[in-house]
$ cat structure_9.txt   # compact mmCIF, C-alpha atoms
# COMPACT_ATOMS: atom_id res chain seq x y z
CA MET A 146 22.77 -22.79 25.62
CA CYS A 147 20.29 -19.97 25.35
CA ILE A 148 18.80 -18.50 22.22
CA ALA A 149 17.35 -15.07 21.47
CA LEU A 150 15.35 -14.34 18.32
CA ILE A 151 14.60 -10.79 17.25
CA SER A 152 12.10 -9.81 14.57
CA THR A 153 10.56 -6.75 12.96
CA ALA A 154 8.53 -8.86 10.50
CA HIS A 155 5.05 -8.59 12.03
CA PRO A 156 2.87 -5.89 10.44
CA ASN A 157 1.27 -5.00 13.80
CA TYR A 158 4.35 -5.08 16.02
CA SER A 159 7.47 -2.98 15.61
CA LEU A 160 9.63 -5.41 17.60
CA ILE A 161 9.32 -8.99 18.83
CA VAL A 162 11.99 -10.63 20.97
CA ILE A 163 11.77 -14.22 22.21
CA ASP A 164 14.28 -15.99 24.43
CA ASN A 165 15.02 -19.37 26.01
CA ARG A 166 17.11 -19.43 29.15
CA ASP A 167 18.94 -22.77 29.38
CA GLU A 168 20.51 -23.35 32.76
CA PHE A 169 21.30 -25.79 35.55
CA LEU A 170 17.84 -26.22 36.98
CA HIS A 171 18.68 -26.01 40.67
CA ARG A 172 20.22 -22.57 40.14
CA PRO A 173 18.00 -20.14 42.09
CA THR A 174 16.20 -17.61 39.91
CA SER A 175 13.50 -15.07 40.72
CA GLU A 176 10.19 -14.71 38.94
CA PRO A 177 9.92 -11.76 36.55
CA ASP A 178 8.79 -8.56 38.23
CA TRP A 179 9.53 -4.88 38.59
CA TRP A 180 12.76 -4.58 40.55
CA PRO A 181 12.87 -3.02 44.04
CA GLU A 182 13.94 0.58 44.57
CA PRO A 183 15.97 2.35 43.38
CA TYR A 184 15.48 0.42 40.11
CA SER A 185 11.72 0.02 40.13
CA TYR A 186 11.63 1.02 36.44
CA VAL A 187 13.35 -2.26 35.43
CA LEU A 188 11.35 -5.41 34.62
CA GLY A 189 12.81 -8.91 34.42
CA SER A 190 13.81 -12.05 36.28
CA ARG A 191 17.07 -12.16 38.22
CA ASP A 192 19.76 -14.74 38.87
CA LEU A 193 19.92 -15.26 42.65
CA ALA A 194 23.00 -17.48 42.57
CA ARG A 195 25.39 -14.54 42.41
CA SER A 196 25.38 -11.50 44.64
CA THR A 197 24.92 -9.03 41.79
CA HIS A 198 21.47 -10.53 41.00
CA GLY A 199 22.06 -9.96 37.31
CA THR A 200 19.59 -10.73 34.58
CA TRP A 201 19.80 -12.23 31.10
CA MET A 202 16.82 -10.29 29.72
CA GLY A 203 15.07 -7.15 30.87
CA VAL A 204 13.28 -4.00 29.80
CA THR A 205 12.65 -0.63 31.40
CA LYS A 206 9.69 1.73 31.53
CA GLN A 207 11.75 4.07 29.33
CA GLY A 208 12.09 1.40 26.63
CA LYS A 209 15.63 0.19 27.27
CA LEU A 210 16.06 -3.46 26.33
CA ALA A 211 18.83 -5.99 26.95
CA VAL A 212 19.23 -9.69 26.18
CA LEU A 213 22.35 -11.70 26.98
CA THR A 214 23.60 -15.10 25.83
CA ASN A 215 26.81 -16.71 27.03
CA TYR A 216 29.55 -18.07 24.79
CA ARG A 217 29.87 -21.81 24.31
CA GLU A 218 32.80 -23.44 26.06
CA ASP A 219 33.89 -27.06 25.75
CA LYS A 220 32.87 -27.79 29.35
CA ALA A 221 30.22 -26.13 31.49
CA CYS A 222 32.65 -25.17 34.26
CA GLN A 223 34.71 -23.10 31.80
CA ALA A 224 31.82 -20.68 31.31
CA ILE A 225 32.14 -19.15 34.79
CA GLY A 226 34.02 -15.86 35.04
CA GLN A 227 35.38 -13.86 37.95
CA TYR A 228 32.31 -11.63 37.79
CA SER A 229 28.70 -12.26 36.78
CA ARG A 230 27.76 -11.57 33.16
CA GLY A 231 24.47 -10.28 34.44
CA VAL A 232 26.17 -7.17 35.82
CA ILE A 233 26.74 -6.04 32.21
CA VAL A 234 23.00 -6.23 31.53
CA ASN A 235 22.26 -4.50 34.83
CA ASN A 236 24.63 -1.66 33.95
CA TRP A 237 22.64 -0.89 30.82
CA LEU A 238 19.18 -1.29 32.31
CA THR A 239 19.81 0.61 35.54
CA SER A 240 21.75 3.56 34.15
CA PRO A 241 19.77 6.83 34.02
CA PRO A 242 17.52 6.72 30.93
CA LYS A 243 19.12 9.68 29.15
CA GLU A 244 22.68 9.30 30.41
CA GLN A 245 24.07 7.16 27.58
CA THR A 246 23.26 6.37 23.99
CA THR A 247 23.39 2.75 22.90
CA HIS A 248 26.54 3.47 20.92
CA SER A 249 28.36 5.13 23.83
CA PHE A 250 27.40 2.34 26.24
CA VAL A 251 28.62 -0.35 23.85
CA GLN A 252 31.83 1.56 23.22
CA SER A 253 32.58 1.89 26.94
CA MET A 254 31.61 -1.72 27.63
CA VAL A 255 33.98 -3.11 24.99
CA ALA A 256 36.84 -1.14 26.55
CA SER A 257 36.00 -1.98 30.18
CA GLU A 258 38.07 -4.28 32.37
CA GLU A 259 34.86 -5.59 33.92
CA ALA A 260 33.72 -7.11 30.63
CA LYS A 261 37.02 -8.95 30.29
CA ARG A 262 36.63 -10.63 33.69
CA VAL A 263 33.31 -12.36 33.06
CA GLY A 264 32.66 -15.47 31.02
CA GLY A 265 32.22 -15.06 27.27
CA PHE A 266 28.94 -13.46 26.21
CA SER A 267 27.03 -11.61 23.53
CA LEU A 268 24.71 -8.77 24.50
CA VAL A 269 21.79 -7.29 22.57
CA CYS A 270 21.02 -3.82 23.89
CA GLY A 271 19.34 -0.61 22.86
CA HIS A 272 16.01 1.15 22.88
CA ILE A 273 12.76 -0.34 21.65
CA ASN A 274 11.84 0.97 18.19
CA LYS A 275 15.45 1.93 17.48
CA PRO A 276 18.36 -0.17 16.15
CA LEU A 277 19.73 -2.66 18.68
CA ALA A 278 23.45 -3.34 19.08
CA ILE A 279 24.95 -6.81 19.40
CA VAL A 280 28.26 -6.69 21.22
CA SER A 281 30.51 -9.40 22.63
CA ASN A 282 33.37 -9.30 25.10
CA ARG A 283 35.10 -11.35 22.41
CA SER A 284 35.03 -8.14 20.33
CA SER A 285 38.13 -5.98 20.37
CA ASP A 286 36.70 -2.80 18.88
CA MET A 287 33.53 -1.19 17.57
CA ASP A 288 34.12 -2.49 14.04
CA GLN A 289 32.90 -5.87 15.29
CA ILE A 290 29.56 -4.54 16.56
CA ALA A 291 26.46 -5.68 14.64
CA TRP A 292 23.12 -3.88 14.55
CA VAL A 293 19.68 -5.48 14.27
CA ALA A 294 16.05 -4.29 14.18
CA ALA A 295 17.16 -1.41 12.00
CA GLU A 296 14.66 -2.16 9.25
CA LYS A 297 11.28 -3.83 8.75
CA ASN A 298 10.88 -7.54 7.86
CA GLN A 299 14.08 -8.66 9.56
CA THR A 300 14.39 -11.77 11.74
CA ARG A 301 17.73 -12.64 13.30
CA GLY A 302 18.88 -15.14 15.91
CA LEU A 303 21.67 -15.17 18.45
CA SER A 304 22.88 -18.06 20.55
CA ASN A 305 26.15 -19.06 22.20
CA THR A 306 28.46 -18.32 19.31
CA THR A 307 29.44 -15.24 17.34
CA PHE A 308 26.57 -13.40 15.68
CA ASP A 309 27.85 -14.09 12.16
CA ASP A 310 28.20 -17.86 12.76
CA ARG A 311 25.51 -19.47 10.57
CA SER A 312 26.56 -23.05 11.27
CA TRP A 313 24.26 -23.56 14.27
CA PRO A 314 20.99 -25.32 13.34
CA LYS A 315 19.15 -23.86 16.34
CA ILE A 316 19.79 -20.32 15.05
CA VAL A 317 18.88 -20.98 11.41
CA ASN A 318 15.83 -23.07 12.36
CA GLY A 319 14.79 -20.52 14.95
CA GLU A 320 14.82 -17.68 12.44
CA GLN A 321 12.81 -19.68 9.92
CA LEU A 322 10.25 -20.89 12.45
CA MET A 323 9.81 -17.45 13.99
CA ALA A 324 9.30 -15.79 10.61
CA SER A 325 6.79 -18.48 9.59
CA SER A 326 4.88 -18.17 12.87
CA ILE A 327 4.66 -14.40 12.55
CA GLN A 328 3.43 -14.65 8.98
CA ALA A 329 0.82 -17.28 9.89
CA HIS A 330 -0.44 -15.20 12.80
CA ALA A 331 -0.77 -12.07 10.70
CA GLN A 332 -2.58 -13.90 7.92
CA ALA A 333 -4.99 -15.54 10.37
CA GLN A 334 -5.61 -12.18 12.11
CA GLU A 335 -5.42 -13.85 15.51
CA ASP A 336 -5.27 -12.04 18.83
CA GLU A 337 -2.15 -11.29 20.86
CA ASP A 338 -2.39 -14.31 23.14
CA ALA A 339 -2.43 -16.53 20.05
CA LEU A 340 0.77 -14.87 18.85
CA ILE A 341 2.44 -15.53 22.19
CA GLU A 342 1.35 -19.15 22.00
CA ARG A 343 2.78 -19.51 18.50
CA LEU A 344 6.08 -18.01 19.65
CA LEU A 345 6.21 -20.32 22.67
CA GLN A 346 5.81 -23.24 20.26
CA VAL A 347 8.88 -21.97 18.39
CA LEU A 348 10.82 -21.81 21.66
CA SER A 349 9.65 -25.35 22.50
CA THR A 350 11.00 -26.94 19.29
CA ASP A 351 13.04 -29.94 20.45
CA THR A 352 15.43 -31.50 17.93
CA LEU A 353 18.16 -32.54 20.38
CA PRO A 354 19.67 -35.90 19.37
CA ARG A 355 19.20 -38.62 22.00
CA LEU A 356 22.35 -40.51 22.99
CA PRO A 357 21.09 -43.63 24.78
CA ASN A 358 24.53 -45.26 24.95
CA GLU A 359 26.22 -42.24 26.51
CA PRO A 360 26.07 -40.78 30.05
CA ASN A 361 23.06 -38.48 30.46
CA THR A 362 25.13 -35.44 31.51
CA ILE A 363 25.56 -31.91 30.23
CA ASP A 364 29.19 -32.53 29.21
CA THR A 365 28.02 -35.42 27.01
CA TYR A 366 25.48 -33.19 25.27
CA THR A 367 27.39 -29.90 25.14
CA GLN A 368 28.41 -30.26 21.50
CA HIS A 369 24.83 -31.16 20.51
CA LEU A 370 23.00 -28.26 22.19
CA ARG A 371 23.51 -26.11 19.09
CA LYS A 372 21.12 -28.44 17.23
CA SER A 373 17.97 -27.71 19.25
CA ILE A 374 16.08 -24.53 20.13
CA PHE A 375 14.58 -26.19 23.21
CA ILE A 376 16.70 -28.21 25.61
CA PRO A 377 14.80 -30.99 27.40
CA LEU A 378 15.85 -32.23 30.83
CA ILE A 379 19.42 -33.54 30.79
CA GLY A 380 20.22 -35.54 33.91
CA THR A 381 17.79 -36.17 36.76
CA LYS A 382 16.75 -34.31 39.88
CA ASP A 383 18.64 -36.96 41.87
CA ASP A 384 21.83 -35.36 40.55
CA ILE A 385 21.32 -32.38 42.83
CA ASN A 386 23.83 -32.14 45.65
CA ARG A 387 21.59 -31.67 48.69
CA ASP A 388 24.29 -29.92 50.68
CA THR A 389 24.74 -27.44 47.86
CA GLU A 390 21.00 -26.87 47.79
CA MET A 391 20.94 -26.00 51.50
CA VAL A 392 23.86 -23.62 51.11
CA ALA A 393 22.04 -21.94 48.22
CA ALA A 394 18.93 -21.45 50.34
CA ALA A 395 20.97 -19.88 53.11
CA GLN A 396 22.71 -17.61 50.62
CA ILE A 397 19.41 -16.33 49.23
CA GLU A 398 18.16 -15.59 52.76
CA ASP A 399 21.22 -13.43 53.47
CA GLU A 400 21.35 -11.32 50.31
CA VAL A 401 22.43 -8.15 52.11
CA ASN A 402 25.71 -9.64 53.27
CA MET A 403 26.75 -11.11 49.93
CA PRO A 404 30.14 -10.08 48.46
CA VAL A 405 29.95 -7.21 46.01
CA ASN A 406 32.03 -8.79 43.25
CA GLY A 407 29.32 -11.23 42.21
CA ALA A 408 31.14 -14.26 43.57
CA ILE A 409 29.26 -17.53 43.32
CA GLY A 410 29.30 -19.76 46.38
CA PRO A 411 27.66 -23.15 45.75
CA ASP A 412 28.46 -25.12 42.62
CA TYR A 413 25.78 -24.42 40.02
CA THR A 414 27.78 -25.86 37.14
CA SER A 415 26.52 -29.42 37.47
CA GLY A 416 23.34 -31.42 37.93
CA PRO A 417 20.15 -31.44 35.83
CA TYR A 418 20.10 -28.95 32.94
CA GLY A 419 17.54 -27.72 30.43
CA THR A 420 15.41 -24.83 29.22
CA GLN A 421 14.31 -23.14 32.42
CA LYS A 422 12.43 -20.04 31.25
CA GLN A 423 10.84 -18.78 28.02
CA THR A 424 10.28 -15.07 27.45
CA VAL A 425 8.32 -13.14 24.83
CA LEU A 426 8.45 -9.36 24.37
CA LEU A 427 6.05 -7.59 22.01
CA ALA A 428 6.28 -3.88 21.24
CA ASN A 429 4.15 -1.50 19.17
CA LEU A 430 5.18 1.70 17.44
CA ASP A 431 3.00 3.64 19.87
CA GLY A 432 5.19 2.44 22.76
CA ARG A 433 2.99 -0.29 24.22
CA VAL A 434 4.99 -3.27 25.53
CA ARG A 435 3.80 -6.75 26.52
CA TYR A 436 6.29 -8.84 28.50
CA PHE A 437 5.46 -12.52 29.04
CA GLU A 438 7.54 -15.15 30.76
CA ARG A 439 6.94 -18.86 31.38
CA THR A 440 8.82 -20.81 34.06
CA LEU A 441 9.18 -24.51 33.24
CA TRP A 442 10.98 -25.87 36.32
CA ASP A 443 10.95 -24.99 40.00
CA ARG A 444 14.00 -24.99 42.27
CA ASN A 445 13.40 -28.61 43.21
CA VAL A 446 13.62 -29.53 39.51
CA ASP A 447 9.94 -30.41 39.39
CA ALA A 448 8.15 -29.51 36.16
CA VAL A 449 5.79 -26.54 36.56
CA PRO A 450 2.35 -27.39 35.09
CA THR A 451 1.73 -25.44 31.88
CA GLY A 452 0.33 -22.01 32.68
CA GLN A 453 1.09 -22.05 36.40
CA GLY A 454 4.52 -20.53 35.84
CA ASP A 455 3.27 -17.77 33.52
CA ARG A 456 3.68 -14.06 34.32
CA SER A 457 2.49 -11.27 32.03
CA PHE A 458 3.08 -7.51 32.18
CA GLU A 459 1.89 -4.65 30.02
CA PHE A 460 3.02 -1.03 30.09
CA GLN A 461 3.45 2.12 28.01
CA ILE A 462 6.96 3.41 27.39
CA GLU A 463 7.51 6.70 29.18
CA GLN A 464 8.72 9.53 27.03
$ encode --input "structure_9.txt" --output "structure tokens"
Amino acid sequence: MCIALISTAHPNYSLIVIDNRDEFLHRPTSEPDWWPEPYSYVLGSRDLARSTHGTWMGVTKQGKLAVLTNYREDKACQAIGQYSRGVIVNNWLTSPPKEQTTHSFVQSMVASEEAKRVGGFSLVCGHINKPLAIVSNRSSDMDQIAWVAAEKNQTRGLSNTTFDDRSWPKIVNGEQLMASSIQAHAQAQEDEDALIERLLQVLSTDTLPRLPNEPNTIDTYTQHLRKSIFIPLIGTKDDINRDTEMVAAAQIEDEVNMPVNGAIGPDYTSGPYGTQKQTVLLANLDGRVRYFERTLWDRNVDAVPTGQGDRSFEFQIEQ
């Protein structure tokens, strides 16, 4: 159960976005990088388990931004749709920079058949230094669209429920911890790396209840994931189906021949689960963007030593 936190509360940054990607840890995922042509203006990691190679968070050289969280279902297998959610994010990030406004994209997305055929999700999208829309394929019309980052000193969280649901501790705690970390950083006048470190500490806050008398599986913990910003390892690497792993490797090698509808071959809805990646985006009013991502687990479900899975990018938004 992912979480995205969005803030305009720092005096030196116009926008800060932080995100945890929680996923089945043997699901193949790329490192963050600029995408290959013809979309070399898009930056972000990609899900390699589905042929569309969608992303859950990305940014473009023109300042387009998108962050996606799925919608909580009672069981993990119910979250899979006919198409990949990531294609919705891709559609926003890869469209020509001046072709659509945020409002027109959201309006068309709500009405699209494609959005109805993926698992439940909420999408934050827009342009850096402008209001960002939060839209869900659980929304039926534009009246249910929320807008964030429209004013200074605002910190809002989004996880795997509706945006106006304030019953999730991970959202409420995340907002409070992020706001406190930003305030402490500004008061201490620390450098940018120190801010990233403070925000990673927020994303690493683990308050998940331990259930020693219950099976250590994702279905056991599903109803408790809303209580913790960070999700520690649930299950063990021995839970990986080795045959599935080999099929996944073969699928990645043959990307060109994958089906176009985003179909998923191997079963990535079981096995060890936890927070896989942590992302921090910092933006200034002058258009400078810092994009940092930390990978916590490799494809073999071995923990990546702190710092070895870090990637950092910096660029100026093109006008």
$ residues_around --input "structure_9.txt" --residues "His155 in chain A" --least-positions-apart "6" --cutoff "7 Å" --atoms "all atoms listed in the file" --output "MDAnalysis selection string"
chainID A and resid 327:328 331
$ write_last_selection --input "structure_9.txt" --atoms "C-alpha atoms" --output "PDB file, in the frame of the given file"
ATOM      1  CA  ILE A 327       4.660 -14.400  12.550  1.00  0.00           C
ATOM      2  CA  GLN A 328       3.430 -14.650   8.980  1.00  0.00           C
ATOM      3  CA  ALA A 331      -0.770 -12.070  10.700  1.00  0.00           C
TER       4      ALA A 331
END
$ residues_near_point --input "structure_9.txt" --point "(18.3, -28.0, 41.0)" --cutoff "10 Å" --atoms "all atoms listed in the file" --output "PyMOL selection string"
chain A and resi 168-173+381-387+389-390+413+415-418+442-447
$ atom_distance --input "structure_9.txt" --atom1 "CA of Asp364 in chain A" --atom2 "CA of Asn215 in chain A"
16.1 Å
$ closest_residue --input "structure_9.txt" --among "A:Gly271, A:Pro357, A:Met323, A:Leu348" --to "Glu438 in chain A" --atoms "only C-alpha atoms"
A:Leu348
$ atom_distance --input "structure_9.txt" --atom1 "CA of Ile462 in chain A" --atom2 "CA of Val434 in chain A"
7.2 Å
$ residues_around --input "structure_9.txt" --residues "Ile163 in chain A" --least-positions-apart "2" --cutoff "8 Å" --atoms "only C-alpha atoms" --output "NGL selection string"
:A and (149-151 or 161 or 165 or 344 or 348 or 423-426)
$ residues_near_point --input "structure_9.txt" --point "(17.8, -6.6, 24.8)" --cutoff "9 Å" --atoms "all atoms listed in the file" --output "list in words"
Val162, Trp201, Met202, Gly203, Val204, Lys209, Leu210, Ala211, Val212, Leu213, Val234, Leu268, Val269, Cys270, Gly271, His272, Ile273, Leu277, Ala278 and Ile279 of chain A
$ closest_residue --input "structure_9.txt" --among "A:Val263, A:Leu427, A:Leu303, A:Leu353" --to "Lys372 in chain A" --atoms "all atoms listed in the file"
A:Leu353
$ atom_distance --input "structure_9.txt" --atom1 "CA of Tyr184 in chain A" --atom2 "CA of Thr205 in chain A"
9.2 Å
$ residues_around --input "structure_9.txt" --residues "Gly231 in chain A" --least-positions-apart "6" --cutoff "8 Å" --atoms "only C-alpha atoms" --output "number ranges by chain"
A: 192, 197-201, 213
$ closest_residue --input "structure_9.txt" --among "A:Pro314, A:Pro177, A:Gly380, A:Gly319" --to "Arg191 in chain A" --atoms "all atoms listed in the file"
A:Pro177
$ closest_residue --input "structure_9.txt" --among "A:Ser326, A:Ser152, A:Asn236, A:Ser190" --to "Gln299 in chain A" --atoms "all atoms listed in the file"
A:Ser152
$ axis_aligned_box --input "structure_9.txt" --around "range 329-337 of chain A" --padding-each-side "4 Å" --output "lines of an AutoDock Vina configuration file"
center_x = -2.4
center_y = -14.3
center_z = 14.4
size_x = 14.4
size_y = 14.0
size_z = 20.9
$ closest_residue --input "structure_9.txt" --among "A:Asp455, A:Gln464, A:Ser185, A:Ile148" --to "Leu370 in chain A" --atoms "all atoms listed in the file"
A:Ile148
$ residues_around --input "structure_9.txt" --residues "Ile290 in chain A" --least-positions-apart "6" --cutoff "12 Å" --atoms "all atoms listed in the file" --output "list of chain:residue names"
A:Thr247, A:His248, A:Val251, A:Gln252, A:Met254, A:Val255, A:Ser267, A:Leu268, A:Val269, A:Cys270, A:Leu277, A:Ala278, A:Ile279, A:Val280, A:Ser281, A:Asn282, A:Arg283, A:Ser284, A:Thr307, A:Phe308, A:Asp309
$ residues_around --input "structure_9.txt" --residues "Lys206 in chain A" --least-positions-apart "3" --cutoff "7 Å" --atoms "all atoms listed in the file" --output "PDB file with C-alpha atoms, in the coordinates of the input"
ATOM      1  CA  TYR A 186      11.630   1.020  36.440  1.00  0.00           C
ATOM      2  CA  VAL A 187      13.350  -2.260  35.430  1.00  0.00           C
ATOM      3  CA  ILE A 462       6.960   3.410  27.390  1.00  0.00           C
ATOM      4  CA  GLU A 463       7.510   6.700  29.180  1.00  0.00           C
TER       5      GLU A 463
END
$ build_atoms --input "structure_9.txt" --residues "range 293-326 of chain A" --atoms "N, CA and C atoms" --output "PDB file, keeping the file's coordinate frame"
ATOM      1  N   VAL A 293      20.882  -4.786  14.727  1.00  0.00           N
ATOM      2  CA  VAL A 293      19.680  -5.480  14.270  1.00  0.00           C
ATOM      3  C   VAL A 293      18.462  -4.591  14.553  1.00  0.00           C
ATOM      4  N   ALA A 294      17.313  -5.025  14.005  1.00  0.00           N
ATOM      5  CA  ALA A 294      16.050  -4.290  14.180  1.00  0.00           C
ATOM      6  C   ALA A 294      16.139  -2.880  13.622  1.00  0.00           C
ATOM      7  N   ALA A 295      16.987  -2.727  12.610  1.00  0.00           N
ATOM      8  CA  ALA A 295      17.160  -1.410  12.000  1.00  0.00           C
ATOM      9  C   ALA A 295      16.236  -1.202  10.815  1.00  0.00           C
ATOM     10  N   GLU A 296      15.559  -2.261  10.390  1.00  0.00           N
ATOM     11  CA  GLU A 296      14.660  -2.160   9.250  1.00  0.00           C
ATOM     12  C   GLU A 296      13.516  -3.144   9.412  1.00  0.00           C
ATOM     13  N   LYS A 297      12.452  -2.958   8.661  1.00  0.00           N
ATOM     14  CA  LYS A 297      11.280  -3.830   8.750  1.00  0.00           C
ATOM     15  C   LYS A 297      11.576  -5.170   8.063  1.00  0.00           C
ATOM     16  N   ASN A 298      10.814  -6.198   8.466  1.00  0.00           N
ATOM     17  CA  ASN A 298      10.880  -7.540   7.860  1.00  0.00           C
ATOM     18  C   ASN A 298      12.235  -8.218   8.061  1.00  0.00           C
ATOM     19  N   GLN A 299      12.800  -8.037   9.232  1.00  0.00           N
ATOM     20  CA  GLN A 299      14.080  -8.660   9.560  1.00  0.00           C
ATOM     21  C   GLN A 299      13.884  -9.599  10.737  1.00  0.00           C
ATOM     22  N   THR A 300      14.422 -10.811  10.641  1.00  0.00           N
ATOM     23  CA  THR A 300      14.390 -11.770  11.740  1.00  0.00           C
ATOM     24  C   THR A 300      15.781 -12.363  11.895  1.00  0.00           C
ATOM     25  N   ARG A 301      16.369 -12.162  13.065  1.00  0.00           N
ATOM     26  CA  ARG A 301      17.730 -12.640  13.300  1.00  0.00           C
ATOM     27  C   ARG A 301      17.818 -13.356  14.640  1.00  0.00           C
ATOM     28  N   GLY A 302      18.697 -14.365  14.697  1.00  0.00           N
ATOM     29  CA  GLY A 302      18.880 -15.140  15.910  1.00  0.00           C
ATOM     30  C   GLY A 302      20.285 -15.008  16.460  1.00  0.00           C
ATOM     31  N   LEU A 303      20.384 -15.222  17.757  1.00  0.00           N
ATOM     32  CA  LEU A 303      21.670 -15.170  18.450  1.00  0.00           C
ATOM     33  C   LEU A 303      21.683 -16.267  19.496  1.00  0.00           C
ATOM     34  N   SER A 304      22.759 -17.043  19.521  1.00  0.00           N
ATOM     35  CA  SER A 304      22.880 -18.060  20.550  1.00  0.00           C
ATOM     36  C   SER A 304      24.256 -17.946  21.188  1.00  0.00           C
ATOM     37  N   ASN A 305      24.918 -19.062  21.417  1.00  0.00           N
ATOM     38  CA  ASN A 305      26.150 -19.060  22.200  1.00  0.00           C
ATOM     39  C   ASN A 305      27.387 -19.136  21.316  1.00  0.00           C
ATOM     40  N   THR A 306      27.338 -18.427  20.215  1.00  0.00           N
ATOM     41  CA  THR A 306      28.460 -18.320  19.310  1.00  0.00           C
ATOM     42  C   THR A 306      28.468 -16.897  18.764  1.00  0.00           C
ATOM     43  N   THR A 307      29.406 -16.573  17.901  1.00  0.00           N
ATOM     44  CA  THR A 307      29.440 -15.240  17.340  1.00  0.00           C
ATOM     45  C   THR A 307      28.208 -14.987  16.468  1.00  0.00           C
ATOM     46  N   PHE A 308      27.807 -13.734  16.368  1.00  0.00           N
ATOM     47  CA  PHE A 308      26.570 -13.400  15.680  1.00  0.00           C
ATOM     48  C   PHE A 308      26.598 -13.792  14.207  1.00  0.00           C
ATOM     49  N   ASP A 309      27.770 -13.776  13.586  1.00  0.00           N
ATOM     50  CA  ASP A 309      27.850 -14.090  12.160  1.00  0.00           C
ATOM     51  C   ASP A 309      28.061 -15.583  11.886  1.00  0.00           C
ATOM     52  N   ASP A 310      28.025 -16.407  12.930  1.00  0.00           N
ATOM     53  CA  ASP A 310      28.200 -17.860  12.760  1.00  0.00           C
ATOM     54  C   ASP A 310      26.852 -18.454  12.350  1.00  0.00           C
ATOM     55  N   ARG A 311      26.758 -18.914  11.090  1.00  0.00           N
ATOM     56  CA  ARG A 311      25.510 -19.470  10.570  1.00  0.00           C
ATOM     57  C   ARG A 311      25.518 -20.994  10.549  1.00  0.00           C
ATOM     58  N   SER A 312      26.429 -21.591  11.297  1.00  0.00           N
ATOM     59  CA  SER A 312      26.560 -23.050  11.270  1.00  0.00           C
ATOM     60  C   SER A 312      25.698 -23.735  12.329  1.00  0.00           C
ATOM     61  N   TRP A 313      25.057 -22.971  13.196  1.00  0.00           N
ATOM     62  CA  TRP A 313      24.260 -23.560  14.270  1.00  0.00           C
ATOM     63  C   TRP A 313      22.828 -23.796  13.813  1.00  0.00           C
ATOM     64  N   PRO A 314      22.371 -25.048  13.766  1.00  0.00           N
ATOM     65  CA  PRO A 314      20.990 -25.320  13.340  1.00  0.00           C
ATOM     66  C   PRO A 314      19.941 -24.615  14.191  1.00  0.00           C
ATOM     67  N   LYS A 315      20.167 -24.478  15.486  1.00  0.00           N
ATOM     68  CA  LYS A 315      19.150 -23.860  16.340  1.00  0.00           C
ATOM     69  C   LYS A 315      18.916 -22.396  15.945  1.00  0.00           C
ATOM     70  N   ILE A 316      19.948 -21.712  15.466  1.00  0.00           N
ATOM     71  CA  ILE A 316      19.790 -20.320  15.050  1.00  0.00           C
ATOM     72  C   ILE A 316      19.044 -20.239  13.724  1.00  0.00           C
ATOM     73  N   VAL A 317      19.497 -21.001  12.738  1.00  0.00           N
ATOM     74  CA  VAL A 317      18.880 -20.980  11.410  1.00  0.00           C
ATOM     75  C   VAL A 317      17.429 -21.452  11.500  1.00  0.00           C
ATOM     76  N   ASN A 318      17.194 -22.561  12.209  1.00  0.00           N
ATOM     77  CA  ASN A 318      15.830 -23.070  12.360  1.00  0.00           C
ATOM     78  C   ASN A 318      14.958 -22.081  13.131  1.00  0.00           C
ATOM     79  N   GLY A 319      15.542 -21.475  14.156  1.00  0.00           N
ATOM     80  CA  GLY A 319      14.790 -20.520  14.950  1.00  0.00           C
ATOM     81  C   GLY A 319      14.322 -19.326  14.133  1.00  0.00           C
ATOM     82  N   GLU A 320      15.193 -18.816  13.294  1.00  0.00           N
ATOM     83  CA  GLU A 320      14.820 -17.680  12.440  1.00  0.00           C
ATOM     84  C   GLU A 320      13.695 -18.073  11.489  1.00  0.00           C
ATOM     85  N   GLN A 321      13.828 -19.236  10.876  1.00  0.00           N
ATOM     86  CA  GLN A 321      12.810 -19.680   9.920  1.00  0.00           C
ATOM     87  C   GLN A 321      11.469 -19.926  10.599  1.00  0.00           C
ATOM     88  N   LEU A 322      11.486 -20.585  11.746  1.00  0.00           N
ATOM     89  CA  LEU A 322      10.250 -20.890  12.450  1.00  0.00           C
ATOM     90  C   LEU A 322       9.582 -19.624  12.990  1.00  0.00           C
ATOM     91  N   MET A 323      10.379 -18.693  13.478  1.00  0.00           N
ATOM     92  CA  MET A 323       9.810 -17.450  13.990  1.00  0.00           C
ATOM     93  C   MET A 323       9.158 -16.656  12.863  1.00  0.00           C
ATOM     94  N   ALA A 324       9.854 -16.533  11.744  1.00  0.00           N
ATOM     95  CA  ALA A 324       9.300 -15.790  10.610  1.00  0.00           C
ATOM     96  C   ALA A 324       8.015 -16.440  10.109  1.00  0.00           C
ATOM     97  N   SER A 325       7.987 -17.769  10.043  1.00  0.00           N
ATOM     98  CA  SER A 325       6.790 -18.480   9.590  1.00  0.00           C
ATOM     99  C   SER A 325       5.630 -18.294  10.568  1.00  0.00           C
ATOM    100  N   SER A 326       5.921 -18.335  11.864  1.00  0.00           N
ATOM    101  CA  SER A 326       4.880 -18.170  12.870  1.00  0.00           C
ATOM    102  C   SER A 326       4.288 -16.762  12.837  1.00  0.00           C
TER     103      SER A 326
END
